[in-house]
Each structure stands twice: as C-alpha cells, then as structure tokens.
>>> print(open('input-v4.pdb').read())   # PDB, C-alpha atoms
ATOM      1  CA  MET A   4      -0.668  18.974 -13.593
ATOM      2  CA  MET A   5      -0.069  18.492  -9.884
ATOM      3  CA  HIS A   6      -0.370  21.634  -7.773
ATOM      4  CA  VAL A   7       2.565  22.567  -5.544
ATOM      5  CA  LYS A   8       0.474  22.301  -2.382
ATOM      6  CA  GLN A   9      -0.372  18.688  -3.310
ATOM      7  CA  LEU A  10       3.299  17.692  -3.405
ATOM      8  CA  PRO A  11       3.549  16.657   0.304
ATOM      9  CA  GLN A  12       0.460  14.479  -0.106
ATOM     10  CA  TRP A  13       1.897  12.610  -3.104
ATOM     11  CA  LEU A  14       5.288  12.299  -1.422
ATOM     12  CA  LEU A  15       3.554  10.669   1.552
ATOM     13  CA  ILE A  16       1.652   8.332  -0.755
ATOM     14  CA  GLY A  17       4.808   7.371  -2.647
ATOM     15  CA  THR A  18       6.796   6.774   0.543
ATOM     16  CA  LEU A  19       4.188   4.530   2.171
ATOM     17  CA  VAL A  20       3.625   2.595  -1.055
ATOM     18  CA  MET A  21       7.374   1.888  -1.242
ATOM     19  CA  VAL A  22       7.404   0.778   2.413
ATOM     20  CA  SER A  23       4.507  -1.617   1.849
ATOM     21  CA  GLY A  24       5.992  -2.821  -1.419
ATOM     22  CA  TYR A  25       9.385  -3.499   0.155
ATOM     23  CA  CYS A  26       7.825  -5.657   2.886
ATOM     24  CA  GLU A  27       5.724  -7.645   0.436
ATOM     25  CA  VAL A  28       8.515  -8.122  -2.132
ATOM     26  CA  THR A  29      11.015  -9.194   0.542
ATOM     27  CA  LEU A  30       8.606 -11.732   1.995
ATOM     28  CA  PHE A  31       7.663 -13.195  -1.391
ATOM     29  CA  VAL A  32      11.317 -13.494  -2.423
ATOM     30  CA  ASP A  33      11.964 -15.545   0.749
ATOM     31  CA  PHE A  34       9.660 -18.226  -0.673
ATOM     32  CA  ALA A  35      11.910 -18.678  -3.705
ATOM     33  CA  GLU A  36      14.299 -21.605  -3.945
ATOM     34  CA  ASP A  37      17.747 -20.778  -2.595
ATOM     35  CA  GLY A  38      20.065 -19.749  -5.406
ATOM     36  CA  ASN A  39      17.273 -19.695  -8.001
ATOM     37  CA  THR A  40      17.439 -16.166  -9.410
ATOM     38  CA  ILE A  41      14.534 -16.688 -11.798
ATOM     39  CA  ASP A  42      12.249 -17.702  -8.945
ATOM     40  CA  GLN A  43      13.312 -14.694  -6.915
ATOM     41  CA  ILE A  44      12.690 -12.283  -9.803
ATOM     42  CA  GLN A  45       9.326 -13.860 -10.580
ATOM     43  CA  LEU A  46       8.045 -13.744  -7.001
ATOM     44  CA  GLY A  47       9.412 -10.234  -6.479
ATOM     45  CA  ALA A  48       7.671  -9.015  -9.642
ATOM     46  CA  LEU A  49       4.419 -10.653  -8.500
ATOM     47  CA  ALA A  50       4.562  -8.958  -5.100
ATOM     48  CA  GLY A  51       5.354  -5.554  -6.605
ATOM     49  CA  SER A  52       2.539  -5.926  -9.131
ATOM     50  CA  LEU A  53       0.045  -6.716  -6.379
ATOM     51  CA  VAL A  54       0.972  -3.526  -4.506
ATOM     52  CA  LEU A  55       0.733  -1.365  -7.631
ATOM     53  CA  ALA A  56      -2.543  -3.030  -8.640
ATOM     54  CA  GLN A  57      -3.989  -2.308  -5.201
ATOM     55  CA  HIS A  58      -3.525   1.459  -5.496
ATOM     56  CA  THR A  59      -4.199   1.659  -9.237
ATOM     57  CA  LEU A  60      -7.535  -0.100  -8.831
ATOM     58  CA  ALA A  61      -8.348   2.100  -5.825
ATOM     59  CA  GLN A  62      -7.928   5.178  -8.010
ATOM     60  CA  LYS A  63     -10.003   3.576 -10.756
ATOM     61  CA  ALA A  64     -12.772   2.728  -8.282
ATOM     62  CA  GLY A  65     -12.806   6.299  -7.000
ATOM     63  CA  ARG A  66     -13.058   7.662 -10.531
ATOM     64  CA  LEU A  67     -15.952   5.355 -11.396
ATOM     65  CA  PHE A  68     -17.748   6.278  -8.166
ATOM     66  CA  ALA A  69     -17.334   9.997  -8.904
ATOM     67  CA  LYS A  70     -18.939   9.492 -12.304
ATOM     68  CA  GLY A  71     -21.910   7.639 -10.876
ATOM     69  CA  HIS A  72     -20.865   4.074 -11.745
ATOM     70  CA  SER A  73     -21.412   2.787  -8.211
ATOM     71  CA  LYS A  74     -21.775  -0.912  -9.088
ATOM     72  CA  ALA A  75     -18.529  -1.049 -11.060
ATOM     73  CA  ALA A  76     -16.809   0.922  -8.287
ATOM     74  CA  ALA A  77     -18.095  -1.568  -5.683
ATOM     75  CA  LEU A  78     -16.739  -4.554  -7.652
ATOM     76  CA  LEU A  79     -13.325  -2.924  -7.927
ATOM     77  CA  GLY A  80     -13.527  -2.030  -4.244
ATOM     78  CA  LEU A  81     -13.914  -5.710  -3.306
ATOM     79  CA  LEU A  82     -10.808  -6.559  -5.311
ATOM     80  CA  VAL A  83      -8.921  -3.690  -3.680
ATOM     81  CA  PHE A  84      -9.832  -4.972  -0.200
ATOM     82  CA  ALA A  85      -8.623  -8.470  -1.143
ATOM     83  CA  LEU A  86      -5.288  -7.052  -2.288
ATOM     84  CA  LEU A  87      -5.198  -4.900   0.840
ATOM     85  CA  ALA A  88      -5.628  -7.973   3.044
ATOM     86  CA  ILE A  89      -2.761  -9.728   1.244
ATOM     87  CA  SER A  90      -0.512  -6.694   1.641
ATOM     88  CA  ILE A  91      -1.285  -6.218   5.353
ATOM     89  CA  THR A  92      -0.703  -9.925   6.034
ATOM     90  CA  ALA A  93       2.599  -9.900   4.155
ATOM     91  CA  SER A  94       3.814  -6.799   5.997
ATOM     92  CA  THR A  95       2.746  -8.233   9.368
ATOM     93  CA  VAL A  96       4.668 -11.464   8.778
ATOM     94  CA  PHE A  97       7.657  -9.446   7.548
ATOM     95  CA  TYR A  98       7.762  -7.405  10.779
ATOM     96  CA  GLU A  99       7.507 -10.550  12.927
ATOM     97  CA  ALA A 100      10.317 -12.201  10.955
ATOM     98  CA  ARG A 101      12.528  -9.156  11.444
ATOM     99  CA  TYR A 102      11.683  -9.150  15.164
ATOM    100  CA  GLN A 103      12.621 -12.802  15.526
ATOM    101  CA  ALA A 104      15.902 -12.228  13.650
ATOM    102  CA  SER A 105      16.720  -9.219  15.862
ATOM    103  CA  ARG A 106      15.887 -11.179  19.002
ATOM    104  CA  SER A 107      18.047 -14.097  17.900
ATOM    105  CA  ALA A 108      20.971 -11.765  17.155
ATOM    106  CA  ASP A 109      20.666 -10.094  20.589
ATOM    107  CA  LEU A 110      20.442 -13.495  22.268
ATOM    108  CA  GLN A 111      23.525 -14.890  20.560
ATOM    109  CA  ALA A 112      25.509 -11.766  21.357
ATOM    110  CA  GLY A 113      24.858 -12.131  25.107
ATOM    111  CA  THR A 114      27.558 -13.512  27.432
ATOM    112  CA  GLY A 115      25.236 -16.063  29.028
ATOM    113  CA  TYR A 116      24.337 -17.520  25.642
ATOM    114  CA  GLN A 117      27.954 -17.752  24.542
ATOM    115  CA  VAL A 118      29.018 -19.456  27.792
ATOM    116  CA  ARG A 119      26.236 -22.026  27.579
ATOM    117  CA  SER A 120      26.870 -22.601  23.877
ATOM    118  CA  GLN A 121      30.540 -23.203  24.553
ATOM    119  CA  LEU A 122      29.694 -25.618  27.386
ATOM    120  CA  ILE A 123      27.420 -27.608  25.098
ATOM    121  CA  ALA A 124      30.106 -27.649  22.410
ATOM    122  CA  ASP A 125      32.656 -28.914  24.936
ATOM    123  CA  LYS A 126      30.295 -31.667  26.093
ATOM    124  CA  GLN A 127      29.731 -32.759  22.500
ATOM    125  CA  ALA A 128      33.487 -32.796  21.886
ATOM    126  CA  SER A 129      33.995 -34.942  25.005
ATOM    127  CA  ILE A 130      31.399 -37.412  23.790
ATOM    128  CA  SER A 131      33.207 -37.729  20.474
ATOM    129  CA  SER A 132      36.533 -38.214  22.249
ATOM    130  CA  PHE A 133      35.248 -41.012  24.501
ATOM    131  CA  GLN A 134      33.644 -42.733  21.542
ATOM    132  CA  ASP A 135      36.928 -42.596  19.622
ATOM    133  CA  LEU A 136      38.776 -44.007  22.633
ATOM    134  CA  ALA A 137      36.211 -46.782  22.932
ATOM    135  CA  ASN A 138      36.693 -47.716  19.303
ATOM    136  CA  LYS A 139      40.480 -47.808  19.697
ATOM    137  CA  GLU A 140      40.340 -49.965  22.861
ATOM    138  CA  GLU A 141      37.905 -52.284  21.205
ATOM    139  CA  ALA A 142      40.264 -52.633  18.261
ATOM    140  CA  LYS A 143      43.033 -53.654  20.679
ATOM    141  CA  GLY A 144      40.788 -56.236  22.286
ATOM    142  CA  ASN A 145      40.228 -54.288  25.515
ATOM    143  CA  THR A 146      36.460 -54.662  25.573
ATOM    144  CA  TRP A 147      36.137 -53.739  29.254
ATOM    145  CA  MET A 148      37.987 -50.416  28.771
ATOM    146  CA  ALA A 149      36.006 -49.740  25.615
ATOM    147  CA  GLY A 150      32.817 -50.225  27.568
ATOM    148  CA  GLN A 151      33.950 -47.800  30.253
ATOM    149  CA  HIS A 152      34.605 -45.113  27.647
ATOM    150  CA  ARG A 153      31.164 -45.660  26.136
ATOM    151  CA  LEU A 154      29.520 -45.416  29.549
ATOM    152  CA  LYS A 155      31.286 -42.114  30.150
ATOM    153  CA  ALA A 156      30.114 -40.830  26.759
ATOM    154  CA  GLN A 157      26.539 -41.791  27.620
ATOM    155  CA  GLU A 158      26.703 -39.989  30.958
ATOM    156  CA  ILE A 159      27.796 -36.800  29.275
ATOM    157  CA  GLN A 160      25.191 -37.184  26.538
ATOM    158  CA  GLN A 161      22.429 -37.424  29.143
ATOM    159  CA  GLN A 162      23.405 -33.943  30.362
ATOM    160  CA  LEU A 163      22.827 -32.323  26.965
ATOM    161  CA  PRO A 164      18.967 -32.092  26.984
ATOM    162  CA  ALA A 165      19.000 -30.075  30.211
ATOM    163  CA  LEU A 166      21.702 -27.771  28.867
ATOM    164  CA  LEU A 167      19.835 -27.237  25.590
ATOM    165  CA  ALA A 168      16.573 -26.512  27.433
ATOM    166  CA  ASP A 169      18.386 -23.986  29.612
ATOM    167  CA  LEU A 170      19.801 -22.347  26.499
ATOM    168  CA  GLU A 171      16.364 -22.073  24.866
ATOM    169  CA  GLN A 172      14.835 -20.503  27.978
ATOM    170  CA  LEU A 173      17.625 -17.971  28.308
ATOM    171  CA  GLN A 174      16.293 -14.399  28.306
ATOM    172  CA  THR A 175      18.467 -11.610  26.969
ATOM    173  CA  PRO A 176      17.470  -7.913  27.169
ATOM    174  CA  GLN A 177      16.503  -6.419  23.834
ATOM    175  CA  THR A 178      18.677  -3.630  22.457
ATOM    176  CA  SER A 179      16.533  -2.510  19.477
ATOM    177  CA  ALA A 180      13.579  -0.135  19.856
ATOM    178  CA  ALA A 181      11.217  -2.491  18.026
ATOM    179  CA  GLY A 182      12.365  -5.381  20.201
ATOM    180  CA  ILE A 183      11.734  -3.426  23.397
ATOM    181  CA  VAL A 184       8.218  -2.506  22.247
ATOM    182  CA  ALA A 185       7.546  -6.115  21.269
ATOM    183  CA  ASP A 186       8.732  -7.382  24.660
ATOM    184  CA  LEU A 187       6.440  -4.933  26.418
ATOM    185  CA  LEU A 188       3.489  -6.102  24.329
ATOM    186  CA  ALA A 189       4.463  -9.778  24.772
ATOM    187  CA  ASN A 190       2.005 -11.948  22.867
ATOM    188  CA  TYR A 191       0.062  -8.876  21.736
ATOM    189  CA  ARG A 192       2.929  -7.653  19.577
ATOM    190  CA  TRP A 193       1.003  -8.901  16.524
ATOM    191  CA  LEU A 194      -1.402  -6.020  17.077
ATOM    192  CA  ALA A 195       1.499  -3.609  16.685
ATOM    193  CA  TRP A 196       2.627  -5.311  13.465
ATOM    194  CA  VAL A 197      -0.911  -5.199  12.047
ATOM    195  CA  ALA A 198      -1.185  -1.503  12.988
ATOM    196  CA  PHE A 199       2.113  -0.677  11.246
ATOM    197  CA  ALA A 200       1.091  -2.632   8.147
ATOM    198  CA  SER A 201      -2.373  -1.026   8.048
ATOM    199  CA  ILE A 202      -0.888   2.468   8.239
ATOM    200  CA  ALA A 203       1.384   1.744   5.289
ATOM    201  CA  ASP A 204      -1.554   0.501   3.189
ATOM    202  CA  PHE A 205      -4.666   2.389   4.304
ATOM    203  CA  ILE A 206      -3.286   5.939   4.230
ATOM    204  CA  PRO A 207      -2.028   6.002   0.610
ATOM    205  CA  GLY A 208      -5.109   4.154  -0.635
ATOM    206  CA  LEU A 209      -7.447   6.534   1.173
ATOM    207  CA  LEU A 210      -5.600   9.619  -0.070
ATOM    208  CA  ILE A 211      -5.654   8.340  -3.648
ATOM    209  CA  VAL A 212      -9.415   7.678  -3.524
ATOM    210  CA  LEU A 213     -10.168  11.063  -1.945
ATOM    211  CA  ALA A 214      -7.964  12.874  -4.462
ATOM    212  CA  THR A 215      -9.831  11.110  -7.268
ATOM    213  CA  ILE A 216     -13.361  11.690  -5.973
ATOM    214  CA  TYR A 217     -12.738  15.224  -4.695
ATOM    215  CA  PRO A 218     -10.027  16.773  -6.882
ATOM    216  CA  GLU A 219      -8.649  20.034  -5.547
ATOM    217  CA  THR A 220      -9.456  22.889  -7.891
ATOM    218  CA  THR A 221      -8.745  26.583  -7.529
ATOM    219  CA  ARG A 222     -11.964  28.501  -8.055
ATOM    220  CA  GLN A 223     -11.816  32.195  -8.780
ATOM    221  CA  GLN A 224     -14.500  34.543  -9.990
ATOM    222  CA  ARG A 225     -13.330  35.157 -13.527
ATOM    223  CA  LYS A 226     -14.416  34.439 -17.085
ATOM    224  CA  PRO A 227     -13.578  31.197 -18.883
ATOM    225  CA  THR A 228     -11.385  33.164 -21.318
ATOM    226  CA  GLU A 229      -9.101  33.955 -18.349
ATOM    227  CA  HIS A 230      -8.587  30.287 -17.460
ATOM    228  CA  ALA A 231      -4.891  29.828 -16.657
ATOM    229  CA  GLY A 232      -3.007  27.676 -19.129
ATOM    230  CA  SER A 233      -6.035  27.294 -21.503
ATOM    231  CA  PRO A 234      -6.371  28.757 -24.996
ATOM    232  CA  GLU A 235      -8.845  31.584 -25.420
ATOM    233  CA  LEU A 236     -12.403  30.609 -26.149
ATOM    234  CA  THR A 237     -14.013  31.702 -29.361
ATOM    235  CA  SER A 238     -16.753  34.279 -29.296
ATOM    236  CA  SER A 239     -19.329  31.593 -30.036
ATOM    237  CA  THR A 240     -18.142  29.608 -26.997
ATOM    238  CA  GLU A 241     -18.403  32.673 -24.764
ATOM    239  CA  ALA A 242     -21.901  33.249 -25.987
ATOM    240  CA  THR A 243     -22.814  29.656 -25.191
ATOM    241  CA  LEU A 244     -21.142  29.426 -21.764
ATOM    242  CA  GLN A 245     -21.804  32.842 -20.263
ATOM    243  CA  THR A 246     -24.900  34.826 -19.449
ATOM    244  CA  PRO A 247     -25.096  38.227 -21.169
ATOM    245  CA  GLN A 248     -23.980  40.987 -18.839
ATOM    246  CA  ASP A 249     -26.552  43.539 -20.006
ATOM    247  CA  GLU A 250     -29.524  41.563 -18.706
ATOM    248  CA  THR A 251     -31.208  42.692 -15.558
ATOM    249  CA  PRO A 252     -31.398  40.161 -12.683
ATOM    250  CA  THR A 253     -35.101  39.627 -13.402
ATOM    251  CA  ASP A 254     -34.542  39.015 -17.106
ATOM    252  CA  GLN A 255     -31.606  36.733 -16.337
ATOM    253  CA  GLN A 256     -33.675  34.685 -13.877
ATOM    254  CA  GLN A 257     -36.489  34.333 -16.428
ATOM    255  CA  THR A 258     -34.013  33.256 -19.103
ATOM    256  CA  GLU A 259     -32.513  30.626 -16.806
ATOM    257  CA  ASN A 260     -35.996  29.332 -15.995
ATOM    258  CA  GLN A 261     -36.863  29.047 -19.698
ATOM    259  CA  GLN A 262     -33.575  27.589 -20.954
ATOM    260  CA  PRO A 263     -31.520  24.646 -19.640
ATOM    261  CA  PRO A 264     -28.272  25.510 -17.829
ATOM    262  CA  THR A 265     -25.081  25.420 -19.849
ATOM    263  CA  LEU A 266     -22.575  22.622 -19.440
ATOM    264  CA  PHE A 267     -20.071  25.110 -18.042
ATOM    265  CA  LYS A 268     -22.519  26.189 -15.322
ATOM    266  CA  LEU A 269     -23.249  22.582 -14.405
ATOM    267  CA  ILE A 270     -19.525  21.908 -14.055
ATOM    268  CA  GLU A 271     -19.232  24.908 -11.740
ATOM    269  CA  GLN A 272     -22.141  23.633  -9.633
ATOM    270  CA  LEU A 273     -21.089  19.968  -9.454
ATOM    271  CA  ASP A 274     -17.320  20.539  -9.360
ATOM    272  CA  ARG A 275     -16.931  17.691 -11.849
ATOM    273  CA  MET A 276     -17.819  16.709 -15.403
ATOM    274  CA  PRO A 277     -21.549  15.774 -15.484
ATOM    275  CA  SER A 278     -22.717  12.811 -17.525
ATOM    276  CA  TRP A 279     -25.075  13.109 -20.475
ATOM    277  CA  LYS A 280     -27.935  11.690 -18.343
ATOM    278  CA  GLU A 281     -27.445  14.388 -15.708
ATOM    279  CA  CYS A 282     -27.545  17.114 -18.365
ATOM    280  CA  ASN A 283     -30.572  15.569 -20.060
ATOM    281  CA  THR A 284     -32.560  15.609 -16.802
ATOM    282  CA  ARG A 285     -31.971  19.372 -16.722
ATOM    283  CA  GLY A 286     -33.479  19.846 -20.163
ATOM    284  CA  MET A 287     -30.311  19.851 -22.296
ATOM    285  CA  SER A 288     -30.460  18.056 -25.629
ATOM    286  CA  TYR A 289     -27.660  15.727 -26.690
ATOM    287  CA  ARG A 290     -26.794  18.106 -29.548
ATOM    288  CA  GLN A 291     -26.310  20.988 -27.119
ATOM    289  CA  TYR A 292     -24.383  18.742 -24.711
ATOM    290  CA  LYS A 293     -21.997  17.510 -27.412
ATOM    291  CA  LYS A 294     -21.485  20.970 -28.896
ATOM    292  CA  GLN A 295     -20.623  22.554 -25.542
ATOM    293  CA  ARG A 296     -18.483  19.571 -24.517
ATOM    294  CA  ASP A 297     -16.468  19.828 -27.748
ATOM    295  CA  GLU A 298     -15.956  23.560 -27.191
ATOM    296  CA  LEU A 299     -14.761  22.956 -23.615
ATOM    297  CA  GLU A 300     -12.433  20.240 -24.877
ATOM    298  CA  LYS A 301     -10.921  22.633 -27.424
ATOM    299  CA  ALA A 302     -10.498  25.180 -24.639
ATOM    300  CA  GLY A 303      -8.543  22.623 -22.592
ATOM    301  CA  MET A 304     -11.050  22.505 -19.745
ATOM    302  CA  VAL A 305     -12.204  18.892 -20.191
ATOM    303  CA  ARG A 306     -10.615  15.852 -21.726
ATOM    304  CA  ASN A 307     -11.460  12.300 -22.664
ATOM    305  CA  ALA A 308     -10.100  10.003 -19.928
ATOM    306  CA  GLY A 309      -9.261   7.423 -22.585
ATOM    307  CA  ASP A 310     -10.211   4.497 -20.343
ATOM    308  CA  GLY A 311     -13.833   4.103 -21.353
ATOM    309  CA  THR A 312     -15.234   6.175 -18.485
ATOM    310  CA  GLY A 313     -15.948   9.235 -20.617
ATOM    311  CA  PHE A 314     -14.911  12.847 -20.197
ATOM    312  CA  GLU A 315     -13.435  14.427 -17.070
ATOM    313  CA  LEU A 316     -12.086  17.813 -15.956
ATOM    314  CA  ALA A 317      -8.632  18.542 -17.288
ATOM    315  CA  ALA A 318      -5.723  19.285 -14.957
ATOM    316  CA  GLY A 319      -6.504  22.388 -12.920
ATOM    317  CA  GLY A 320     -10.260  22.020 -13.431
ATOM    318  CA  VAL A 321     -12.491  24.926 -14.401
ATOM    319  CA  ALA A 322     -11.420  28.159 -12.816
TER     320      ALA A 322
END
>>> encode(input="input-v4.pdb", output="structure tokens")
Amino acid sequence: MMHVKQLPQWLLIGTLVMVSGYCEVTLFVDFAEDGNTIDQIQLGALAGSLVLAQHTLAQKAGRLFAKGHSKAAALLGLLVFALLAISITASTVFYEARYQASRSADLQAGTGYQVRSQLIADKQASISSFQDLANKEEAKGNTWMAGQHRLKAQEIQQQLPALLADLEQLQTPQTSAAGIVADLLANYRWLAWVAFASIADFIPGLLIVLATIYPETTRQQRKPTEHAGSPELTSSTEATLQTPQDETPTDQQQTENQQPPTLFKLIEQLDRMPSWKECNTRGMSYRQYKKQRDELEKAGMVRNAGDGTGFELAAGGVA
C-alpha cells in the first residue's frame, strides 16, 4: 500500500507520463489516413502502449536489478532506452509542429499578411478577368483585342512571384510564450524541445526505478509481532526470528557466531528480501530458509511477486 508521503511522487509520475503519452499519441494519430477512424484508433493505441511499456519495463528492470539479476535487468534496460528514444523524438516533433502551427496562426492574423494576401488575391482575380475578356473577344473575331487582354494578364502574372516571396519572408511578432522563446533561440529551438521531451520521460522513469530498487520503508525498533497491519506471529515464529532476551551480550554474540543469521535479520540488514544463494552463503540450509520464508509469508511480511522473480517484501516492508 502506498504511503501518504509518496503520493506527490506518484502524482508527478502520473502527470508526466500523461504529458508524454499525449504528445506521442497525437503525433502517431496524425499519420493515420484522413477520415479513417480505425487507423487513428490503431495508431493511438500503439503510441499509448509504447509509453506504458517504457515505464512498466523500467520498473521490471529495477526489480530484477534489486534481486541480483543484473544481466536480465541490462537487457530490459536496453529496450527501455529504445522506447525512451522513440518517445523523446515523438514529443520533440510534436512541440515543433505546435510551434509551426502557432507561428502560422500569428502570421495570418497580422495586418501586413492580410493586406498582402488580399493584393495577391486581387491580382489573381484580374488575371482571370483578362483571360475571360480575351476569350470573348476571340469568339467575336477580334483577335487583336484578345491578344491585348492576354498580354495584360501575363504582365500581372509576372508580378505574382515577387508578391508571394514577399509574403513568405514577412515577419510577424510572436504572441505566445513558447513562440517568443523559440524566436529567441532561433535555430537552436530544437534543444528546447528535446529538453522538454526529456523531462517528461526521464523523471518518471527514474523515479519508478529508484522506488523499485530502494523502496521506502518505515523502520522502528519493535518486535515482529507489533508489525502494523500484519497478523500476529506464532510462538514458534518468534522463537525462530528473534534472539532470546535473557542471554547476556557475550552469550548472544557466541550464539550468532555459531548459528547462521535468521531470514528476518538478513532482511533487516539488506532492506530487501535476500535470495536463497545469499542465505546459503551465510550458512543457512534450504530447509531453514524455506521454513522461515513460509512463516514470514503467513505473517504478511513477504509475498511471492507472481512474475517469476521470486519473493519480495510485502507493502510496508518489515518494521
């Protein structure tokens, strides 16, 4: 169960994942055929799945690394970085597309653009009019007059390239904050887009991995029978997990030197569920390991992850 103090962290993760997912889904949907709903749904589902897979596999890699499976964690890490590169690229292109759309809207809203656009439209209308007049005169047999109208249409048409070039080079002040920043950065605005995209992808992935490798547990000096939210341990479990209180420090030290540490003590030392190999190197037999693990599972302190990676600390850890 998630602790209250972890709520802001998971809210941040969820928010940034949705931001990254929105950018990637929107961009992928743009590749769909216009009016083809099935294509749009398919590409949107693909983009969303890639974002979820990125963070799910990051958590899985962190869990495998925490349990000592470094090779499997490295393989998953490579896949996570590939998905991360796709996500950052998609978000970067999305931001540039939105910048271009904003710039185009600001440009078309400017007075200079509207005046030049209207002038070009008027020129094109004049060309059409002269061509119509030429056709009518030619139909009447007035070839000379028809030729004059066509010459006039050609003169006007020769003015259009200069007007269009002037329209394309027209600069209009940006009104949006992102547009102003992009204008200041000029051709380096791609660095800003990459930075924004990286923030939306790196932070949640990093927080998920850290939360998996280093889970936050509340440690207090109390007996296992006082573990919050766990059923009481049986007397046999207490005898297995705890050191008798009536031993002197010297006797206790000698006992610890002669006998392997209990699974509960190892969990306290490592702050995670140790593997059977780790316990075996400390002198614990598999029979002892399994017996103590089963007792901790009954007490609600450990659980089987169910994904093939073995046992792990239950929610809340070992207090």
>>> atom_distance(input="input-v4.pdb", atom1="atom CA of Gln157 of chain A", atom2="atom CA of Ala128 of chain A")
12.7 Å
>>> resolve_selection(input="input-v4.pdb", expression="the PyMOL selection byres ((chain A and resi 29) around 10)", output="compact mmCIF listing (two decimals) with C-alpha atoms, in the coordinates of the input")
# COMPACT_ATOMS: atom_id res chain seq x y z
CA GLY A 24 5.99 -2.82 -1.42
CA TYR A 25 9.38 -3.50 0.16
CA CYS A 26 7.82 -5.66 2.89
CA GLU A 27 5.72 -7.64 0.44
CA VAL A 28 8.52 -8.12 -2.13
CA LEU A 30 8.61 -11.73 2.00
CA PHE A 31 7.66 -13.20 -1.39
CA VAL A 32 11.32 -13.49 -2.42
CA ASP A 33 11.96 -15.54 0.75
CA PHE A 34 9.66 -18.23 -0.67
CA GLN A 43 13.31 -14.69 -6.92
CA LEU A 46 8.04 -13.74 -7.00
CA GLY A 47 9.41 -10.23 -6.48
CA ALA A 50 4.56 -8.96 -5.10
CA GLY A 51 5.35 -5.55 -6.60
CA ALA A 93 2.60 -9.90 4.16
CA SER A 94 3.81 -6.80 6.00
CA PHE A 97 7.66 -9.45 7.55
>>> atom_distance(input="input-v4.pdb", atom1="atom CA of Val96 of chain A", atom2="atom CA of Ile202 of chain A")
15.0 Å
>>> resolve_selection(input="input-v4.pdb", expression="the PyMOL selection byres ((chain A and resi 53) around 9)", output="list in words")
Gly24, Glu27, Ala48, Leu49, Ala50, Gly51, Ser52, Val54, Leu55, Ala56, Gln57, His58, Leu86, Ile89 and Ser90 of chain A
>>> closest_residue(input="input-v4.pdb", among="A:Lys301, A:His72, A:Lys155, A:Arg106", to="Ile130 of chain A", atoms="only C-alpha atoms")
A:Lys155
>>> resolve_selection(input="input-v4.pdb", expression="the PyMOL selection byres ((chain A and resi 295) around 10)", output="PyMOL selection string")
chain A and resi 240+243-244+265-267+289-294+296-301
>>> write_last_selection(input="input-v4.pdb", atoms="C-alpha atoms", output="PDB file, keeping the file's coordinate frame")
ATOM      1  CA  THR A 240     -18.142  29.608 -26.997  1.00  0.00           C
ATOM      2  CA  THR A 243     -22.814  29.656 -25.191  1.00  0.00           C
ATOM      3  CA  LEU A 244     -21.142  29.426 -21.764  1.00  0.00           C
ATOM      4  CA  THR A 265     -25.081  25.420 -19.849  1.00  0.00           C
ATOM      5  CA  LEU A 266     -22.575  22.622 -19.440  1.00  0.00           C
ATOM      6  CA  PHE A 267     -20.071  25.110 -18.042  1.00  0.00           C
ATOM      7  CA  TYR A 289     -27.660  15.727 -26.690  1.00  0.00           C
ATOM      8  CA  ARG A 290     -26.794  18.106 -29.548  1.00  0.00           C
ATOM      9  CA  GLN A 291     -26.310  20.988 -27.119  1.00  0.00           C
ATOM     10  CA  TYR A 292     -24.383  18.742 -24.711  1.00  0.00           C
ATOM     11  CA  LYS A 293     -21.997  17.510 -27.412  1.00  0.00           C
ATOM     12  CA  LYS A 294     -21.485  20.970 -28.896  1.00  0.00           C
ATOM     13  CA  ARG A 296     -18.483  19.571 -24.517  1.00  0.00           C
ATOM     14  CA  ASP A 297     -16.468  19.828 -27.748  1.00  0.00           C
ATOM     15  CA  GLU A 298     -15.956  23.560 -27.191  1.00  0.00           C
ATOM     16  CA  LEU A 299     -14.761  22.956 -23.615  1.00  0.00           C
ATOM     17  CA  GLU A 300     -12.433  20.240 -24.877  1.00  0.00           C
ATOM     18  CA  LYS A 301     -10.921  22.633 -27.424  1.00  0.00           C
TER      19      LYS A 301
END
>>> residues_around(input="input-v4.pdb", residues="segment 162-165 of chain A", least_positions_apart="3", cutoff="8 Å", atoms="only C-alpha atoms", output="PyMOL selection string")
chain A and resi 123+126+158-159+168-169
